[in-house]
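Enquirer: As input, take protein-v5.pdb (PDB, C-alpha atoms):
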ATOM      1  CA  MET A   1       0.000   0.000   0.000
ATOM      2  CA  ARG A   2       1.199   3.504  -0.790
ATOM      3  CA  PHE A   3       0.771   6.762   1.143
ATOM      4  CA  ASP A   4       1.710  10.150  -0.293
ATOM      5  CA  ILE A   5       1.748  12.886   2.353
ATOM      6  CA  PHE A   6       1.869  16.571   1.462
ATOM      7  CA  THR A   7       3.173  18.766   4.258
ATOM      8  CA  LEU A   8       5.043  21.938   5.147
ATOM      9  CA  PHE A   9       6.958  20.053   7.831
ATOM     10  CA  PRO A  10       8.212  16.662   6.591
ATOM     11  CA  GLY A  11      10.586  16.417   9.541
ATOM     12  CA  MET A  12       7.639  15.825  11.860
ATOM     13  CA  PHE A  13       7.245  12.304  10.437
ATOM     14  CA  ALA A  14      10.829  11.138  10.998
ATOM     15  CA  GLY A  15      10.308   9.614  14.440
ATOM     16  CA  PRO A  16       6.880   7.979  14.080
ATOM     17  CA  PHE A  17       7.685   6.386  10.720
ATOM     18  CA  SER A  18      11.164   5.184  11.648
ATOM     19  CA  GLU A  19      10.111   3.019  14.583
ATOM     20  CA  SER A  20       8.080  -0.088  15.397
ATOM     21  CA  ILE A  21       5.390  -1.548  13.115
ATOM     22  CA  ILE A  22       5.518   1.161  10.427
ATOM     23  CA  LYS A  23       9.277   0.855  10.047
ATOM     24  CA  ARG A  24       9.095  -2.935   9.727
ATOM     25  CA  ALA A  25       6.258  -2.746   7.200
ATOM     26  CA  VAL A  26       8.202  -0.284   5.045
ATOM     27  CA  SER A  27      11.354  -2.412   5.205
ATOM     28  CA  ARG A  28       9.321  -5.434   4.039
ATOM     29  CA  ASP A  29       7.812  -3.445   1.146
ATOM     30  CA  LEU A  30       4.314  -3.802   2.563
ATOM     31  CA  LEU A  31       4.046  -0.005   2.807
ATOM     32  CA  THR A  32       5.481   2.867   0.816
ATOM     33  CA  ILE A  33       5.361   6.298   2.428
ATOM     34  CA  ASP A  34       6.479   9.309   0.387
ATOM     35  CA  LEU A  35       6.678  12.742   1.983
ATOM     36  CA  HIS A  36       6.279  15.789  -0.249
ATOM     37  CA  ASP A  37       7.356  19.233   0.937
ATOM     38  CA  ILE A  38       4.696  21.649  -0.287
ATOM     39  CA  ARG A  39       7.267  24.463  -0.230
ATOM     40  CA  ASP A  40       9.211  22.723  -3.002
ATOM     41  CA  TYR A  41       6.366  23.734  -5.321
ATOM     42  CA  ALA A  42       6.246  27.392  -4.319
ATOM     43  CA  ARG A  43       6.879  29.857  -7.125
ATOM     44  CA  ASP A  44       9.171  32.401  -5.493
ATOM     45  CA  GLU A  45      12.701  32.383  -4.159
ATOM     46  CA  HIS A  46      11.445  32.486  -0.572
ATOM     47  CA  ARG A  47       9.406  29.292  -1.053
ATOM     48  CA  THR A  48       6.233  31.043   0.083
ATOM     49  CA  ALA A  49       3.386  28.594   0.626
ATOM     50  CA  ASP A  50       0.941  30.841   2.493
ATOM     51  CA  ASP A  51      -0.536  34.320   2.220
ATOM     52  CA  TYR A  52      -2.970  36.708   3.929
ATOM     53  CA  PRO A  53      -6.664  35.883   3.536
ATOM     54  CA  TYR A  54      -8.744  37.972   1.141
ATOM     55  CA  GLY A  55     -11.269  40.019   3.056
ATOM     56  CA  GLY A  56      -9.022  40.361   6.075
ATOM     57  CA  GLY A  57      -8.798  38.364   9.254
ATOM     58  CA  SER A  58      -6.101  36.837  11.413
ATOM     59  CA  GLY A  59      -3.641  34.178  10.389
ATOM     60  CA  MET A  60      -2.417  32.908   7.056
ATOM     61  CA  VAL A  61      -3.929  30.630   4.427
ATOM     62  CA  LEU A  62      -2.159  27.947   2.384
ATOM     63  CA  LYS A  63      -1.883  29.080  -1.229
ATOM     64  CA  PRO A  64      -3.497  26.901  -3.918
ATOM     65  CA  GLU A  65      -0.594  26.764  -6.395
ATOM     66  CA  PRO A  66       1.945  24.732  -4.386
ATOM     67  CA  VAL A  67      -0.697  22.357  -3.046
ATOM     68  CA  PHE A  68      -2.233  21.674  -6.469
ATOM     69  CA  GLU A  69       1.131  21.286  -8.173
ATOM     70  CA  ALA A  70       2.576  18.985  -5.502
ATOM     71  CA  VAL A  71      -0.417  16.647  -5.723
ATOM     72  CA  GLU A  72      -0.595  16.780  -9.520
ATOM     73  CA  ASP A  73       3.115  15.986  -9.792
ATOM     74  CA  ALA A  74       2.684  12.906  -7.582
ATOM     75  CA  LEU A  75      -0.382  11.796  -9.555
ATOM     76  CA  SER A  76       1.477  12.222 -12.831
ATOM     77  CA  ARG A  77       4.394  10.129 -11.578
ATOM     78  CA  GLN A  78       2.090   7.324 -10.427
ATOM     79  CA  TYR A  79      -0.577   7.321 -13.130
ATOM     80  CA  GLY A  80       0.691   9.467 -15.993
ATOM     81  CA  ALA A  81      -2.283  11.798 -15.472
ATOM     82  CA  LYS A  82      -3.245  14.652 -13.176
ATOM     83  CA  ASP A  83      -6.922  13.904 -12.579
ATOM     84  CA  THR A  84      -8.082  15.308  -9.262
ATOM     85  CA  GLY A  85     -11.306  15.537  -7.276
ATOM     86  CA  ARG A  86     -13.899  12.888  -8.078
ATOM     87  CA  ALA A  87     -12.001  11.849 -11.198
ATOM     88  CA  ALA A  88      -8.851  11.033  -9.220
ATOM     89  CA  PRO A  89      -7.638   7.417  -9.269
ATOM     90  CA  CYS A  90      -7.160   7.354  -5.490
ATOM     91  CA  PRO A  91      -8.457   9.082  -2.340
ATOM     92  CA  ILE A  92      -7.041  12.607  -2.024
ATOM     93  CA  ILE A  93      -7.815  13.544   1.566
ATOM     94  CA  LEU A  94      -7.566  16.961   3.164
ATOM     95  CA  LEU A  95      -6.947  16.705   6.909
ATOM     96  CA  THR A  96      -9.097  19.414   8.472
ATOM     97  CA  PRO A  97     -11.343  19.959  11.511
ATOM     98  CA  GLN A  98     -14.215  20.378   9.030
ATOM     99  CA  GLY A  99     -13.917  16.811   7.729
ATOM    100  CA  ARG A 100     -15.875  13.693   8.673
ATOM    101  CA  THR A 101     -14.668  12.150  11.911
ATOM    102  CA  PHE A 102     -12.162   9.338  11.433
ATOM    103  CA  ASN A 103     -13.168   5.923  12.793
ATOM    104  CA  GLN A 104     -12.442   2.237  12.368
ATOM    105  CA  ALA A 105     -14.865   1.865   9.454
ATOM    106  CA  ILE A 106     -13.026   4.579   7.515
ATOM    107  CA  ALA A 107      -9.709   2.937   8.393
ATOM    108  CA  ARG A 108     -10.959  -0.374   6.968
ATOM    109  CA  ASP A 109     -12.148   1.321   3.799
ATOM    110  CA  LEU A 110      -8.808   3.064   3.253
ATOM    111  CA  ALA A 111      -6.908  -0.158   3.993
ATOM    112  CA  GLY A 112      -8.677  -1.690   1.004
ATOM    113  CA  ARG A 113      -7.236   0.946  -1.316
ATOM    114  CA  ARG A 114      -3.905   0.600  -3.078
ATOM    115  CA  HIS A 115      -2.984   4.260  -2.741
ATOM    116  CA  VAL A 116      -4.000   7.122  -0.417
ATOM    117  CA  MET A 117      -2.949  10.781  -0.532
ATOM    118  CA  LEU A 118      -3.070  12.961   2.596
ATOM    119  CA  ILE A 119      -2.810  16.763   2.537
ATOM    120  CA  CYS A 120      -1.853  18.344   5.855
ATOM    121  CA  GLY A 121      -3.658  21.609   6.431
ATOM    122  CA  HIS A 122      -1.948  24.368   8.411
ATOM    123  CA  TYR A 123      -2.325  27.920   9.688
ATOM    124  CA  GLU A 124      -5.908  29.167   9.251
ATOM    125  CA  GLY A 125      -6.653  26.557   6.596
ATOM    126  CA  VAL A 126      -6.239  26.161   2.866
ATOM    127  CA  ASP A 127      -7.535  28.124  -0.103
ATOM    128  CA  GLU A 128     -11.114  26.965  -0.711
ATOM    129  CA  ARG A 129     -10.266  25.970  -4.285
ATOM    130  CA  VAL A 130      -8.255  23.075  -2.855
ATOM    131  CA  ARG A 131     -11.466  21.794  -1.251
ATOM    132  CA  GLU A 132     -13.593  22.442  -4.316
ATOM    133  CA  ARG A 133     -11.309  21.190  -7.082
ATOM    134  CA  LEU A 134      -8.451  19.062  -5.748
ATOM    135  CA  VAL A 135      -9.529  16.759  -2.930
ATOM    136  CA  ASN A 136     -12.257  14.128  -2.874
ATOM    137  CA  ASP A 137     -12.509  13.631   0.879
ATOM    138  CA  GLU A 138     -11.962  15.558   4.117
ATOM    139  CA  ILE A 139     -11.169  13.889   7.435
ATOM    140  CA  SER A 140     -10.835  15.067  11.031
ATOM    141  CA  ILE A 141      -9.456  12.888  13.825
ATOM    142  CA  GLY A 142     -11.582  14.534  16.515
ATOM    143  CA  ASP A 143     -13.357  17.574  17.835
ATOM    144  CA  TYR A 144     -10.311  19.534  18.901
ATOM    145  CA  VAL A 145      -7.816  21.835  17.211
ATOM    146  CA  LEU A 146      -4.253  20.868  16.245
ATOM    147  CA  SER A 147      -1.524  23.162  14.970
ATOM    148  CA  GLY A 148      -1.575  21.298  11.668
ATOM    149  CA  GLY A 149      -2.586  18.135   9.872
ATOM    150  CA  GLU A 150       0.675  16.290  10.458
ATOM    151  CA  PRO A 151      -0.359  14.544  13.720
ATOM    152  CA  ALA A 152      -3.626  13.548  12.043
ATOM    153  CA  ALA A 153      -1.732  12.052   9.099
ATOM    154  CA  ILE A 154       0.391   9.992  11.487
ATOM    155  CA  VAL A 155      -2.730   8.683  13.241
ATOM    156  CA  ILE A 156      -4.402   7.721   9.966
ATOM    157  CA  VAL A 157      -1.328   5.999   8.527
ATOM    158  CA  ASP A 158      -0.905   4.001  11.731
ATOM    159  CA  ALA A 159      -4.580   2.994  11.984
ATOM    160  CA  VAL A 160      -4.847   2.047   8.311
ATOM    161  CA  SER A 161      -1.489   0.291   8.051
ATOM    162  CA  ARG A 162      -2.240  -2.212  10.804
ATOM    163  CA  LEU A 163      -5.192  -3.447   8.708
ATOM    164  CA  VAL A 164      -3.015  -4.125   5.649
ATOM    165  CA  PRO A 165      -2.397  -7.886   5.346
ATOM    166  CA  GLY A 166       1.015  -8.879   6.660
ATOM    167  CA  VAL A 167       1.758  -5.669   8.570
ATOM    168  CA  LEU A 168       0.932  -7.106  12.014
ATOM    169  CA  GLY A 169       2.691 -10.175  13.308
ATOM    170  CA  SER A 170      -0.660 -11.873  13.926
ATOM    171  CA  GLU A 171      -3.492 -11.528  11.434
ATOM    172  CA  GLU A 172      -5.930 -11.982  14.348
ATOM    173  CA  SER A 173      -4.620  -8.952  16.239
ATOM    174  CA  ALA A 174      -6.352  -6.272  14.181
ATOM    175  CA  GLY A 175      -9.655  -8.123  14.332
ATOM    176  CA  GLU A 176      -9.549  -8.245  18.133
ATOM    177  CA  ASP A 177      -8.695  -4.570  18.701
ATOM    178  CA  SER A 178     -11.139  -2.165  20.266
ATOM    179  CA  PHE A 179     -13.710  -0.941  17.716
ATOM    180  CA  ALA A 180     -12.790  -3.685  15.220
ATOM    181  CA  GLY A 181     -15.954  -5.635  16.047
ATOM    182  CA  GLY A 182     -17.988  -2.641  17.081
ATOM    183  CA  VAL A 183     -17.157  -3.002  20.791
ATOM    184  CA  LEU A 184     -14.186  -2.350  23.064
ATOM    185  CA  GLU A 185     -11.511  -4.985  23.552
ATOM    186  CA  TYR A 186     -11.613  -7.398  26.484
ATOM    187  CA  PRO A 187      -9.015  -7.237  29.334
ATOM    188  CA  GLN A 188      -5.629  -8.790  28.610
ATOM    189  CA  TYR A 189      -3.283 -10.581  31.023
ATOM    190  CA  THR A 190       0.143 -12.197  30.818
ATOM    191  CA  ARG A 191       2.624 -13.867  33.204
ATOM    192  CA  PRO A 192       3.078 -14.025  36.157
ATOM    193  CA  PRO A 193      -0.272 -15.565  37.107
ATOM    194  CA  VAL A 194      -0.126 -13.778  40.486
ATOM    195  CA  TYR A 195       1.419 -10.336  40.995
ATOM    196  CA  ARG A 196       1.294  -8.613  44.402
ATOM    197  CA  GLY A 197      -1.573 -10.877  45.271
ATOM    198  CA  TRP A 198      -3.595  -9.952  42.180
ATOM    199  CA  GLU A 199      -4.528 -13.081  40.259
ATOM    200  CA  VAL A 200      -5.236 -13.636  36.583
ATOM    201  CA  PRO A 201      -8.881 -14.704  36.093
ATOM    202  CA  GLU A 202      -9.104 -18.473  36.455
ATOM    203  CA  VAL A 203     -10.930 -18.936  33.160
ATOM    204  CA  LEU A 204      -7.906 -17.695  31.177
ATOM    205  CA  ILE A 205      -5.672 -20.463  32.508
ATOM    206  CA  SER A 206      -8.348 -23.146  32.416
ATOM    207  CA  GLY A 207      -7.475 -24.383  28.936
ATOM    208  CA  ASN A 208     -11.180 -24.377  28.024
ATOM    209  CA  HIS A 209     -11.182 -22.356  24.811
ATOM    210  CA  GLY A 210     -14.953 -22.168  24.604
ATOM    211  CA  ARG A 211     -15.190 -20.657  28.082
ATOM    212  CA  ILE A 212     -12.346 -18.272  27.278
ATOM    213  CA  ARG A 213     -14.047 -17.033  24.107
ATOM    214  CA  ARG A 214     -17.321 -16.447  25.924
ATOM    215  CA  TRP A 215     -15.599 -14.718  28.871
ATOM    216  CA  ARG A 216     -13.746 -12.418  26.523
ATOM    217  CA  ARG A 217     -16.898 -11.573  24.625
ATOM    218  CA  GLU A 218     -18.796 -10.827  27.825
ATOM    219  CA  GLN A 219     -15.953  -8.683  29.135
ATOM    220  CA  SER A 220     -15.912  -6.734  25.869
ATOM    221  CA  LEU A 221     -19.640  -6.142  26.128
ATOM    222  CA  LYS A 222     -19.427  -5.159  29.798
ATOM    223  CA  ARG A 223     -16.564  -2.727  29.175
ATOM    224  CA  THR A 224     -18.381  -1.199  26.223
ATOM    225  CA  LEU A 225     -21.548  -0.749  28.265
ATOM    226  CA  GLU A 226     -19.579   0.950  31.030
ATOM    227  CA  ARG A 227     -17.346   3.158  28.902
ATOM    228  CA  ARG A 228     -18.895   3.586  25.451
ATOM    229  CA  PRO A 229     -22.568   2.533  25.585
ATOM    230  CA  ASP A 230     -23.196   4.514  22.387
ATOM    231  CA  LEU A 231     -21.335   1.821  20.445
ATOM    232  CA  LEU A 232     -23.815  -0.922  21.339
ATOM    233  CA  SER A 233     -26.586   0.470  19.152
ATOM    234  CA  LYS A 234     -24.474  -0.227  16.061
ATOM    235  CA  ALA A 235     -22.530  -3.296  17.183
ATOM    236  CA  PRO A 236     -23.386  -6.706  15.683
ATOM    237  CA  LEU A 237     -24.975  -8.513  18.642
ATOM    238  CA  ASP A 238     -26.275 -12.065  18.696
ATOM    239  CA  ALA A 239     -28.915 -13.515  21.008
ATOM    240  CA  ASP A 240     -26.359 -14.544  23.640
ATOM    241  CA  ASP A 241     -24.877 -11.037  23.629
ATOM    242  CA  ILE A 242     -28.269  -9.438  24.158
ATOM    243  CA  LYS A 243     -29.164 -11.889  26.926
ATOM    244  CA  TYR A 244     -25.883 -11.157  28.742
ATOM    245  CA  LEU A 245     -26.240  -7.375  28.374
ATOM    246  CA  LYS A 246     -29.704  -7.499  29.879
ATOM    247  CA  THR A 247     -28.376  -9.425  32.894
ATOM    248  CA  ILE A 248     -25.940  -6.602  33.627
ATOM    249  CA  GLY A 249     -28.526  -3.849  33.309
ATOM    250  CA  ALA A 250     -28.301  -2.739  29.697
ATOM    251  CA  HIS A 251     -31.371  -1.082  28.260
ATOM    252  CA  LEU A 252     -31.430  -2.118  24.627
ATOM    253  CA  PRO A 253     -33.882  -0.927  21.968
ATOM    254  CA  PRO A 254     -36.500  -3.543  20.976
TER     255      PRO A 254
END
As a first step, turn the structure in this file into structure tokens.
Expert:
Amino acid sequence: MRFDIFTLFPGMFAGPFSESIIKRAVSRDLLTIDLHDIRDYARDEHRTADDYPYGGGSGMVLKPEPVFEAVEDALSRQYGAKDTGRAAPCPIILLTPQGRTFNQAIARDLAGRRHVMLICGHYEGVDERVRERLVNDEISIGDYVLSGGEPAAIVIVDAVSRLVPGVLGSEESAGEDSFAGGVLEYPQYTRPPVYRGWEVPEVLISGNHGRIRRWRREQSLKRTLERRPDLLSKAPLDADDIKYLKTIGAHLPP
């Protein structure tokens, strides 16, 4: 899978992408991550990528020329064409507080694509023509304000990459994560079996895999009810799940 990231600050990605799972995936050619400095496409000797907003106001706005030309150059190198917007051959995503909120379903969708482009907004935003003519999606990672889109790009690359086949050591790991099945993950334990008098639940060392599966499912449901009950209305629940939730006080719609 390929990510192209367009940013004013490519150095911000050095640490996160040179460690752990992402680093291993890149070294095994499971991921390709190309960073593009938007300033390289500026048209003046000072590499100016932003300007004052028309109509006045505080802050600066990213200029359209370097953003368009950086993306079009990458598209031309990959596809021999510069089609953007809805005609683009891949998702071109602007990272902005005004976008749809990123979640596991979006991560799964992007993981099924061969190529994703991410544009990191900055300052007071980008020229509106970037939204209207260049991108075909806008994503936010939450209802809060960041200094730029770079942290959001790191989050999205990490969340999407772990769903790409072969990236994780265990193919089951991604499917058992919180949100993967619509509910939060169950509690995890490892050795020693007793630490400071606190014991691992007996069921986990019983060797009874059926009991373990059911315990884990019930713990996931219980934790979701306690911490994120909003998730249950959309989670795929079977009859046993519903029966268990009712025994612990859940009020489910008919």
Enquirer: Could you tell me which of A:Glu72, A:Asp238, A:Asp143, A:Glu132 comes closest to Thr101 of chain A if we count all atoms listed in the file?
Expert: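 The shortest atom-to-atom distance to Thr101 of chain A comes from A:Asp143.
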Enquirer: Given the PyMOL selection byres ((chain A and resi 205) around 12) and the file above, list the residues it selects as a list of chain:residue names.
Expert: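 Taken on the displayed file, the PyMOL selection byres ((chain A and resi 205) around 12) yields the residues A:Tyr189, A:Thr190, A:Arg191, A:Pro192, A:Pro193, A:Val194, A:Glu199, A:Val200, A:Pro201, A:Glu202, A:Val203, A:Leu204, A:Ser206, A:Gly207, A:Asn208, A:His209, A:Arg211, A:Ile212.
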Enquirer: (-11.7, 4.0, 13.8) in this file's frame - what residues fall within 12 Å of it? Use only C-alpha atoms and give the answer as a ChimeraX atom specification.
Expert: /A:100-111,139-142,155-160,162-163,174,177-184,231
Enquirer: Using the chain letters and numbers from the file, give me the residues hit by the PyMOL selection byres ((chain A and resi 44-57) around 9), as a VMD selection string.
Expert: chain A and resid 8 38 to 43 58 to 67 123 to 124 126 to 127
Enquirer: Grab all the atoms of segment 26-36 of chain A that the file lists, wrap them in a box along x, y and z, add 5 Å per side, and give me centre plus edge lengths in Å (one decimal) as AutoDock Vina command-line options.
Expert:
--center_x 7.7 --center_y 5.2 --center_z 2.5 --size_x 17.3 --size_y 31.2 --size_z 15.5
Enquirer: From the list A:His115, A:Arg228, A:Lys222, A:Arg217, which residue is nearest Ala74 of chain A when using all atoms listed in the file?
Expert: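 Of the candidates, the smallest distance to Ala74 of chain A is held by A:His115.
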